[in-house]
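Everything below concerns the one structure shown next.
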Amino acid sequence: MTRVLKRSFYERDTVTVARELLGRTLCRRLDSGKILRARIAETEAYDGFEDRASHAHKGVTVRNKVMFGAPGRSYVYLCYGVHWLLNLTTREVGYPAAVLIRGVEGVTGPGRLTKHLQVDKRFNELPLTRVAGLWVEEAEVVPDADEISATPRVGVDYAGERWAAMPWRFVWKASQGLHR
DNA sequence: TGCGCGATTCTC
DNA sequence: AGAATCGCGCAT
């Protein structure tokens, strides 16, 4: 039987969680009852107070407060006034961190992904459970280390040399269907 | 109360 | 290369 990743999975080192989410299945139950499932193929870690690429680096705000809260919740925000971006919170309460889901099998791009799964601000701050309609399931097979590539994060040049260069983007190379 | 800007994507 | 499009964050 499928197993839903629980809070303890997320209440760990953010970079580790970002890497280990690859291959796991992102699930969304629509209002119609239909369930969409897609294996996670691309993630990025945003971790702590010092990470200048993270929304949290200047402290708590209305937008980013979810990052400071409980692990295993969704952090959804509007990017460029156009796209909803989905993050999963990590680490203990009080420590700001989250993993951005950048792509799943068949759907590349954080904005395209939320459109496909019909995720928007209604999901902000919800726990990742079946009841909430958005959750992640354990994988039968997870990628081997040599199937994962780590690169700098996308679109964070504003963060300065050190943080922009941090290899916190993870891509599952073996995943098929990373297409537009 | 106002203003500038993005963890993007699509079209030209 | 440029537009779309708007909530947020910070200054005023």
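Residue numbers start at 1 in each chain; chains themselves are named A, B, ... in the order of the structure tokens; ligands are numbered from 1 in the order shown.
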
Compile the residues of chain A that lie within 7 Å of chain B, evaluated using only C-alpha atoms (C1' of nucleotides), and express the compilation as an MDAnalysis selection string.
-> chainID A and resid 79:80 83 111 155:156

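Near range 32-39 of chain A, within a cut-off of 9 Å and counting only C-alpha atoms (C1' of nucleotides), sit the residues Leu21, Leu22, Gly23, Arg24, Thr25, Leu26, Cys27, Arg28, Gly103, Val104, Glu105, Gly106, Val107, Leu117, Gly133, Ala139 and Ser175 of chain A, with same-chain residues fewer than 4 positions away left out.
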
DSSP says strand (DSSP E or B) for which residues of range 50-98 of chain A? Put them as a ChimeraX atom specification?
-> /A:73-79,83-89,97-98

Could those residues be written to a file, using all heavy atoms, as a short mmCIF file (atom, residue, chain, number, x, y, z; two decimals), in the first residue's frame?
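Once everything was written out, this is result.cif:
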data_model
loop_
_atom_site.label_atom_id
_atom_site.label_comp_id
_atom_site.auth_asym_id
_atom_site.auth_seq_id
_atom_site.Cartn_x
_atom_site.Cartn_y
_atom_site.Cartn_z
N ARG A 73 4.29 21.21 5.37
CA ARG A 73 3.16 22.01 4.90
C ARG A 73 3.52 22.63 3.56
O ARG A 73 4.68 22.72 3.19
CB ARG A 73 2.81 23.11 5.90
CG ARG A 73 2.19 22.53 7.16
CD ARG A 73 1.91 23.59 8.20
NE ARG A 73 1.27 23.00 9.35
CZ ARG A 73 0.00 23.19 9.69
NH1 ARG A 73 -0.77 23.97 8.97
NH2 ARG A 73 -0.52 22.59 10.74
N SER A 74 2.48 23.09 2.85
CA SER A 74 2.74 23.72 1.57
C SER A 74 2.91 25.22 1.75
O SER A 74 2.19 25.85 2.53
CB SER A 74 1.60 23.43 0.61
OG SER A 74 0.36 23.75 1.20
N TYR A 75 3.86 25.77 1.05
CA TYR A 75 4.06 27.22 0.99
C TYR A 75 3.87 27.61 -0.47
O TYR A 75 4.67 27.27 -1.32
CB TYR A 75 5.47 27.57 1.48
CG TYR A 75 5.90 29.00 1.21
CD1 TYR A 75 5.02 30.08 1.33
CD2 TYR A 75 7.22 29.28 0.85
CE1 TYR A 75 5.43 31.37 1.08
CE2 TYR A 75 7.65 30.58 0.60
CZ TYR A 75 6.74 31.63 0.73
OH TYR A 75 7.15 32.91 0.48
N VAL A 76 2.76 28.28 -0.73
CA VAL A 76 2.40 28.64 -2.10
C VAL A 76 2.36 30.16 -2.23
O VAL A 76 1.69 30.83 -1.45
CB VAL A 76 1.03 28.06 -2.49
CG1 VAL A 76 0.66 28.46 -3.92
CG2 VAL A 76 1.02 26.55 -2.34
N TYR A 77 3.10 30.69 -3.18
CA TYR A 77 3.08 32.15 -3.35
C TYR A 77 3.04 32.49 -4.84
O TYR A 77 3.36 31.67 -5.70
CB TYR A 77 4.30 32.78 -2.68
CG TYR A 77 5.58 32.56 -3.43
CD1 TYR A 77 6.05 33.51 -4.34
CD2 TYR A 77 6.31 31.39 -3.26
CE1 TYR A 77 7.23 33.32 -5.03
CE2 TYR A 77 7.49 31.19 -3.95
CZ TYR A 77 7.94 32.16 -4.83
OH TYR A 77 9.10 31.95 -5.53
N LEU A 78 2.62 33.72 -5.10
CA LEU A 78 2.49 34.19 -6.48
C LEU A 78 3.80 34.82 -6.94
O LEU A 78 4.34 35.71 -6.29
CB LEU A 78 1.37 35.22 -6.57
CG LEU A 78 0.98 35.69 -7.97
CD1 LEU A 78 0.45 34.54 -8.81
CD2 LEU A 78 -0.03 36.82 -7.89
N CYS A 79 4.31 34.34 -8.06
CA CYS A 79 5.58 34.80 -8.58
C CYS A 79 5.36 35.63 -9.84
O CYS A 79 4.62 35.21 -10.73
CB CYS A 79 6.47 33.60 -8.88
SG CYS A 79 8.11 34.04 -9.46
N HIS A 83 2.43 33.41 -11.77
CA HIS A 83 2.51 31.97 -11.51
C HIS A 83 2.50 31.64 -10.02
O HIS A 83 3.17 32.30 -9.23
CB HIS A 83 3.80 31.40 -12.11
CG HIS A 83 3.97 31.72 -13.55
ND1 HIS A 83 3.25 31.08 -14.53
CD2 HIS A 83 4.75 32.61 -14.18
CE1 HIS A 83 3.59 31.56 -15.71
NE2 HIS A 83 4.50 32.50 -15.54
N TRP A 84 1.76 30.60 -9.68
CA TRP A 84 1.82 30.08 -8.32
C TRP A 84 2.98 29.12 -8.22
O TRP A 84 3.12 28.24 -9.07
CB TRP A 84 0.51 29.38 -7.95
CG TRP A 84 -0.65 30.31 -7.93
CD1 TRP A 84 -1.64 30.40 -8.86
CD2 TRP A 84 -0.93 31.31 -6.96
NE1 TRP A 84 -2.52 31.40 -8.52
CE2 TRP A 84 -2.11 31.98 -7.34
CE3 TRP A 84 -0.30 31.72 -5.77
CZ2 TRP A 84 -2.67 33.03 -6.61
CZ3 TRP A 84 -0.86 32.75 -5.04
CH2 TRP A 84 -2.02 33.40 -5.45
N LEU A 85 3.80 29.27 -7.18
CA LEU A 85 4.92 28.36 -6.98
C LEU A 85 4.70 27.56 -5.71
O LEU A 85 4.30 28.12 -4.67
CB LEU A 85 6.24 29.14 -6.90
CG LEU A 85 6.99 29.28 -8.25
CD1 LEU A 85 6.14 29.93 -9.31
CD2 LEU A 85 8.29 30.04 -8.06
N LEU A 86 4.97 26.25 -5.80
CA LEU A 86 4.72 25.33 -4.69
C LEU A 86 6.02 24.94 -3.98
O LEU A 86 6.96 24.46 -4.61
CB LEU A 86 4.04 24.07 -5.21
CG LEU A 86 3.92 22.91 -4.22
CD1 LEU A 86 3.02 23.27 -3.04
CD2 LEU A 86 3.42 21.65 -4.93
N ASN A 87 6.03 25.16 -2.67
CA ASN A 87 7.13 24.73 -1.82
C ASN A 87 6.60 23.81 -0.73
O ASN A 87 5.42 23.93 -0.35
CB ASN A 87 7.79 25.91 -1.11
CG ASN A 87 8.35 26.95 -2.05
OD1 ASN A 87 9.54 27.06 -2.24
ND2 ASN A 87 7.47 27.74 -2.65
N LEU A 88 7.45 22.93 -0.20
CA LEU A 88 7.10 22.08 0.93
C LEU A 88 8.01 22.47 2.09
O LEU A 88 9.24 22.47 1.94
CB LEU A 88 7.30 20.60 0.57
CG LEU A 88 6.74 20.16 -0.80
CD1 LEU A 88 6.93 18.67 -0.99
CD2 LEU A 88 5.26 20.53 -0.93
N THR A 89 7.44 22.81 3.22
CA THR A 89 8.26 23.30 4.33
C THR A 89 9.04 22.18 5.00
O THR A 89 8.59 21.03 5.06
CB THR A 89 7.40 24.01 5.39
OG1 THR A 89 6.45 23.08 5.92
CG2 THR A 89 6.68 25.21 4.78
N ALA A 97 12.59 27.34 6.30
CA ALA A 97 13.16 26.51 5.24
C ALA A 97 12.04 25.85 4.44
O ALA A 97 10.96 25.58 4.97
CB ALA A 97 14.06 25.43 5.84
N ALA A 98 12.33 25.61 3.17
CA ALA A 98 11.35 24.95 2.31
C ALA A 98 12.03 24.42 1.06
O ALA A 98 13.14 24.84 0.71
CB ALA A 98 10.23 25.92 1.92
#

Select residues of chain C: the criterion is any atom within 10 Å of an atom of chain A, counting only C-alpha atoms (C1' of nucleotides); output as number ranges by chain.
-> C: 4-9

N, CA, C and O atoms (P, O5', C5', C4', C3', O3' and C1' of nucleotides) of the current selection, written as a compact mmCIF listing (two decimals), in the first residue's frame:
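The resulting file, again12.txt, is reproduced below:
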# COMPACT_ATOMS: atom_id res chain seq x y z
P DA C 4 1.70 43.70 -22.09
O5' DA C 4 1.21 42.47 -21.21
C5' DA C 4 1.08 41.19 -21.81
C4' DA C 4 0.85 40.16 -20.72
C3' DA C 4 0.05 40.71 -19.54
O3' DA C 4 -0.89 39.73 -19.12
C1' DA C 4 2.10 39.82 -18.78
P DT C 5 -2.21 40.21 -18.42
O5' DT C 5 -1.77 40.26 -16.89
C5' DT C 5 -1.39 39.07 -16.25
C4' DT C 5 -1.01 39.38 -14.82
C3' DT C 5 -1.84 40.52 -14.21
O3' DT C 5 -2.19 40.19 -12.88
C1' DT C 5 0.45 41.00 -14.02
P DC C 6 -3.53 40.90 -12.31
O5' DC C 6 -3.16 40.95 -10.76
C5' DC C 6 -2.66 39.78 -10.11
C4' DC C 6 -1.76 40.21 -8.97
C3' DC C 6 -2.28 41.46 -8.24
O3' DC C 6 -2.04 41.30 -6.85
C1' DC C 6 -0.07 41.76 -8.88
P DG C 7 -3.29 40.98 -5.90
O5' DG C 7 -2.60 40.26 -4.66
C5' DG C 7 -1.94 39.02 -4.86
C4' DG C 7 -0.65 38.98 -4.06
C3' DG C 7 -0.76 39.59 -2.66
O3' DG C 7 0.02 38.79 -1.78
C1' DG C 7 0.88 40.76 -3.91
P DC C 8 0.09 39.07 -0.24
O5' DC C 8 1.59 39.58 -0.10
C5' DC C 8 2.60 38.85 -0.78
C4' DC C 8 3.90 39.61 -0.77
C3' DC C 8 4.27 40.20 0.59
O3' DC C 8 5.63 39.89 0.80
C1' DC C 8 4.37 41.87 -1.06
P DG C 9 6.27 39.87 2.24
O5' DG C 9 7.23 41.15 2.14
C5' DG C 9 8.24 41.16 1.16
C4' DG C 9 8.95 42.48 1.17
C3' DG C 9 9.22 43.03 2.58
O3' DG C 9 10.51 43.59 2.57
C1' DG C 9 7.94 44.59 1.34

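Here CA of Val136 in chain A and CA of Val99 in chain A stand 12.8 Å from one another.
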
Per DSSP on the backbone, what are the helix (DSSP H, G or I) residues of chain A, as a VMD selection string?
-> chain A and resid 7 to 10 14 to 20 55 to 58 64 to 68 110 to 117 121 to 123 145 to 147 157 to 159 161 to 165

Selection from above, C-alpha atoms, as a CSV table (one decimal), in the first residue's frame, can you write it?
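See out-v7.csv below for the written result:
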chain,number,residue,atom,x,y,z
A,7,ARG,CA,6.0,15.3,9.1
A,8,SER,CA,9.1,13.5,10.3
A,9,PHE,CA,10.3,13.2,6.7
A,10,TYR,CA,10.2,16.9,6.3
A,14,THR,CA,16.5,20.9,3.9
A,15,VAL,CA,19.1,19.9,1.3
A,16,THR,CA,18.6,16.3,2.2
A,17,VAL,CA,14.9,16.5,1.9
A,18,ALA,CA,15.2,18.3,-1.4
A,19,ARG,CA,17.4,15.5,-2.7
A,20,GLU,CA,15.2,12.7,-1.3
A,55,HIS,CA,12.3,34.7,1.1
A,56,ALA,CA,13.1,34.2,4.8
A,57,HIS,CA,16.5,35.9,4.9
A,58,LYS,CA,15.2,39.2,6.1
A,64,ASN,CA,6.9,33.9,4.2
A,65,LYS,CA,5.6,33.1,7.7
A,66,VAL,CA,4.8,29.6,6.6
A,67,MET,CA,8.5,28.9,6.1
A,68,PHE,CA,9.0,29.6,9.8
A,110,PRO,CA,7.4,25.5,-11.2
A,111,GLY,CA,4.7,27.6,-12.6
A,112,ARG,CA,3.6,25.1,-15.2
A,113,LEU,CA,3.5,22.4,-12.5
A,114,THR,CA,1.1,24.2,-10.3
A,115,LYS,CA,-1.1,25.0,-13.2
A,116,HIS,CA,-1.2,21.3,-14.2
A,117,LEU,CA,-2.0,20.2,-10.6
A,121,LYS,CA,-3.1,30.1,-2.8
A,122,ARG,CA,-5.9,28.0,-1.3
A,123,PHE,CA,-3.2,25.5,-0.6
A,145,ALA,CA,23.0,9.0,-6.2
A,146,ASP,CA,24.5,8.8,-9.6
A,147,GLU,CA,21.1,9.6,-11.2
A,157,ASP,CA,21.4,35.9,-9.1
A,158,TYR,CA,20.2,38.7,-6.8
A,159,ALA,CA,21.3,36.6,-3.9
A,161,GLU,CA,27.8,35.2,-5.5
A,162,ARG,CA,28.0,32.8,-2.6
A,163,TRP,CA,24.3,32.0,-2.3
A,164,ALA,CA,23.6,32.0,-6.0
A,165,ALA,CA,26.3,29.5,-6.5

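Using only C-alpha atoms (C1' of nucleotides), the residues found no farther than 6 Å from Arg91 in chain A, other than those of its own chain fewer than 5 positions away, are Glu11, Arg12 and Pro71 of chain A.
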
Go ahead and write the residues just picked, N, CA, C and O atoms, as a PDB file, in the first residue's frame.
ATOM      1  N   GLU A  11      10.941  17.101   8.606  1.00  0.00           N
ATOM      2  CA  GLU A  11      11.571  17.771   9.747  1.00  0.00           C
ATOM      3  C   GLU A  11      13.044  17.380   9.833  1.00  0.00           C
ATOM      4  O   GLU A  11      13.517  16.878  10.849  1.00  0.00           O
ATOM      5  N   ARG A  12      13.769  17.609   8.718  1.00  0.00           N
ATOM      6  CA  ARG A  12      15.178  17.244   8.621  1.00  0.00           C
ATOM      7  C   ARG A  12      15.914  18.312   7.821  1.00  0.00           C
ATOM      8  O   ARG A  12      15.335  19.281   7.357  1.00  0.00           O
ATOM      9  N   PRO A  71       6.932  21.833   9.771  1.00  0.00           N
ATOM     10  CA  PRO A  71       7.377  21.146   8.558  1.00  0.00           C
ATOM     11  C   PRO A  71       6.241  20.319   7.955  1.00  0.00           C
ATOM     12  O   PRO A  71       5.253  20.023   8.629  1.00  0.00           O
TER      13      PRO A  71
END

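Proximity of A:Thr129, A:Thr90, A:Met166, A:Gly160 to Lys6 in chain A, computed with only C-alpha atoms, is greatest for A:Thr129.
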
Contacts of Val171 in chain A at 8 Å (only C-alpha atoms (C1' of nucleotides); same-chain gap of 3+ positions) as a PyMOL selection string | chain A and resi 22+41-43+148-150
